[in-house]
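Following: one structure in structure tokens, then a few remarks.
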Amino acid sequence: MAMKIIVCLKEAVDPALNIDFGLTNNVIFRAGRPLKLNPYDAAALAMALDIKKVSKDTEITLVSIGPERVESYLRNGLALGADKAVRIWENGLSELSPWQKAKLLTGAVKLLGADLVLTGFRSLDTANGQVGALVAGWLDRSCVGEVVSVEMDTGDNSLTLIKDTGRGEPEKISCPL
């Protein structure tokens, strides 16, 4: 039986810019700013691809909420080894709250089915870190943040996650798929 992984990809404002003046107004904050794939989401994709190298029967589906331009991130992910990509979009979705984004992603995960959902632990533009935790909560799944590596245990259908505690000592957490 193939393991299904969903990786959520988000577009973020390029962090190399000095954008601190716009933090009080989201419209000013995004208007005219260069955008790129959130690096923490890119790391989640890399983690999924690492799992796929170990567990060959793994299927990776990329999911992104965004206009047509986010398809380039999805296509790049497919070129790297993901199997499927889904873009969620409708006019009027550009100013979604983290709660609304998480609701959409939760619905997508329920429709697509997944043993494991990977997200970046936060985005560089808003850095609120709520979406992954909300999705996990609504799916009644474990949520572990700041994971730096994953070890598969195919025997009992679980993962050992290595978490960065910020104190120099990694923390190992075991959780079911």
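Please note that chains go A, B, ... in the order of the structure tokens, that every chain numbers its residues from 1, and that ligands are numbered from 1 in the order shown.
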
Inset, instruction - Once DSSP has gone over the backbone, tell me which residues of stretch 13-114 of chain A are in alpha helix (DSSP H), as a ChimeraX atom specification. - result: /A:26-30,39-54,71-80,98-112

Any chance you could export the current selection's C-alpha atoms as a compact mmCIF listing (two decimals), in the first residue's frame?
# COMPACT_ATOMS: atom_id res chain seq x y z
CA ASN A 26 -1.49 43.90 4.51
CA VAL A 27 -2.47 45.64 1.26
CA ILE A 28 0.62 47.87 1.33
CA PHE A 29 2.68 44.95 2.56
CA ARG A 30 2.05 42.82 -0.57
CA PRO A 39 11.56 28.48 2.02
CA TYR A 40 10.02 26.53 4.92
CA ASP A 41 7.55 24.97 2.48
CA ALA A 42 10.44 24.16 0.13
CA ALA A 43 12.07 22.38 3.08
CA ALA A 44 8.83 20.41 3.65
CA LEU A 45 8.92 19.35 0.00
CA ALA A 46 12.57 18.29 0.35
CA MET A 47 11.60 16.21 3.40
CA ALA A 48 8.81 14.52 1.44
CA LEU A 49 11.20 13.75 -1.40
CA ASP A 50 13.67 12.26 1.11
CA ILE A 51 10.90 10.01 2.45
CA LYS A 52 10.09 8.96 -1.12
CA LYS A 53 13.72 7.91 -1.67
CA VAL A 54 13.49 5.52 1.29
CA GLU A 71 1.69 26.96 -10.82
CA SER A 72 5.40 27.57 -11.40
CA TYR A 73 6.12 26.36 -7.84
CA LEU A 74 3.89 23.33 -8.39
CA ARG A 75 5.57 22.53 -11.72
CA ASN A 76 9.02 22.83 -10.13
CA GLY A 77 7.90 20.43 -7.39
CA LEU A 78 6.67 17.98 -10.00
CA ALA A 79 10.01 18.24 -11.80
CA LEU A 80 11.80 17.43 -8.54
CA PRO A 98 -4.80 31.76 8.19
CA TRP A 99 -8.04 30.23 9.50
CA GLN A 100 -9.63 30.39 6.02
CA LYS A 101 -6.51 28.98 4.34
CA ALA A 102 -6.42 26.13 6.84
CA LYS A 103 -10.11 25.33 6.20
CA LEU A 104 -9.46 25.13 2.44
CA LEU A 105 -6.38 22.96 2.92
CA THR A 106 -8.21 20.69 5.38
CA GLY A 107 -10.94 20.15 2.79
CA ALA A 108 -8.33 19.38 0.14
CA VAL A 109 -6.60 16.85 2.41
CA LYS A 110 -9.92 15.16 3.14
CA LEU A 111 -10.73 14.95 -0.58
CA LEU A 112 -7.28 13.79 -1.67

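With atom CA of A:Val13 on one side and atom CA of A:Lys163 on the other, the separation reads 26.0 Å.
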
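Listed by chain and then by rising number, the residues of stretch 75-130 of chain A that DSSP assigns to strand (DSSP E or B) from the backbone are Lys84, Ala85, Val86, Arg87, Ile88, Leu116, Val117 and Leu118 of chain A.
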
Next, the residues of the selection above should be written as a PDB file, in the first residue's frame with N, CA, C and O atoms.
ATOM      1  N   LYS A  84       1.782  14.591  -8.088  1.00  0.00           N
ATOM      2  CA  LYS A  84       0.573  15.321  -8.462  1.00  0.00           C
ATOM      3  C   LYS A  84       0.651  16.733  -7.889  1.00  0.00           C
ATOM      4  O   LYS A  84       1.385  16.984  -6.929  1.00  0.00           O
ATOM      5  N   ALA A  85      -0.163  17.625  -8.473  1.00  0.00           N
ATOM      6  CA  ALA A  85      -0.226  18.995  -7.972  1.00  0.00           C
ATOM      7  C   ALA A  85      -1.661  19.504  -8.074  1.00  0.00           C
ATOM      8  O   ALA A  85      -2.358  19.204  -9.050  1.00  0.00           O
ATOM      9  N   VAL A  86      -2.079  20.257  -7.066  1.00  0.00           N
ATOM     10  CA  VAL A  86      -3.420  20.831  -7.022  1.00  0.00           C
ATOM     11  C   VAL A  86      -3.293  22.306  -6.661  1.00  0.00           C
ATOM     12  O   VAL A  86      -2.633  22.652  -5.677  1.00  0.00           O
ATOM     13  N   ARG A  87      -3.924  23.152  -7.482  1.00  0.00           N
ATOM     14  CA  ARG A  87      -3.973  24.587  -7.195  1.00  0.00           C
ATOM     15  C   ARG A  87      -5.407  24.937  -6.851  1.00  0.00           C
ATOM     16  O   ARG A  87      -6.327  24.644  -7.607  1.00  0.00           O
ATOM     17  N   ILE A  88      -5.591  25.591  -5.702  1.00  0.00           N
ATOM     18  CA  ILE A  88      -6.909  26.026  -5.255  1.00  0.00           C
ATOM     19  C   ILE A  88      -6.994  27.523  -5.496  1.00  0.00           C
ATOM     20  O   ILE A  88      -6.148  28.282  -5.002  1.00  0.00           O
ATOM     21  N   LEU A 116       0.204  11.566   5.586  1.00  0.00           N
ATOM     22  CA  LEU A 116       1.075  12.570   6.192  1.00  0.00           C
ATOM     23  C   LEU A 116       0.885  13.887   5.455  1.00  0.00           C
ATOM     24  O   LEU A 116       0.840  13.919   4.229  1.00  0.00           O
ATOM     25  N   VAL A 117       0.749  14.982   6.216  1.00  0.00           N
ATOM     26  CA  VAL A 117       0.639  16.318   5.636  1.00  0.00           C
ATOM     27  C   VAL A 117       1.824  17.129   6.138  1.00  0.00           C
ATOM     28  O   VAL A 117       2.055  17.228   7.342  1.00  0.00           O
ATOM     29  N   LEU A 118       2.581  17.695   5.200  1.00  0.00           N
ATOM     30  CA  LEU A 118       3.740  18.502   5.551  1.00  0.00           C
ATOM     31  C   LEU A 118       3.501  19.952   5.139  1.00  0.00           C
ATOM     32  O   LEU A 118       3.056  20.211   4.018  1.00  0.00           O
TER      33      LEU A 118
END

Quick one: everything within 8 Å of A:Val147, counting only C-alpha atoms, minus sequence neighbours fewer than 4 positions away in the same chain. Send it as a PDB file with N, CA and C atoms, in the first residue's frame.
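The result, written out as part_19.pdb:
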ATOM      1  N   LEU A 161      10.477  11.847  14.256  1.00  0.00           N
ATOM      2  CA  LEU A 161      10.768  13.200  13.807  1.00  0.00           C
ATOM      3  C   LEU A 161      11.881  13.786  14.662  1.00  0.00           C
ATOM      4  N   ILE A 162      12.843  14.390  14.023  1.00  0.00           N
ATOM      5  CA  ILE A 162      13.932  15.062  14.722  1.00  0.00           C
ATOM      6  C   ILE A 162      13.601  16.550  14.695  1.00  0.00           C
ATOM      7  N   LYS A 163      13.441  17.111  15.866  1.00  0.00           N
ATOM      8  CA  LYS A 163      13.003  18.500  15.995  1.00  0.00           C
ATOM      9  C   LYS A 163      14.139  19.368  16.512  1.00  0.00           C
ATOM     10  N   ASP A 164      14.238  20.552  15.955  1.00  0.00           N
ATOM     11  CA  ASP A 164      15.229  21.534  16.411  1.00  0.00           C
ATOM     12  C   ASP A 164      14.639  22.262  17.614  1.00  0.00           C
TER      13      ASP A 164
END

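Across the model, the gap from atom CA of A:Asp115 to atom CA of A:Ala136 is 11.8 Å.
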
Legend entry - Who sits within 12 Å of A:Asn91, only C-alpha atoms, same chain under 4 positions skipped, as a PyMOL selection string: chain A and resi 65-68+95-96

So that I can check the surroundings of A:Leu9, please list as a CSV table (one decimal) with C-alpha atoms, in the first residue's frame every protein, DNA and RNA residue that reaches within 7 Å of it, counting only C-alpha atoms and ignoring chain neighbours fewer than 5 positions away.
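To be explicit, this is the file written out as out.csv:
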chain,number,residue,atom,x,y,z
A,41,ASP,CA,7.5,25.0,2.5
A,62,LEU,CA,1.5,19.3,-3.8
A,63,VAL,CA,-1.3,21.7,-2.8
A,64,SER,CA,-1.2,25.5,-3.1

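With atom CA of A:Ser97 on one side and atom CA of A:Thr126 on the other, the separation reads 10.7 Å.
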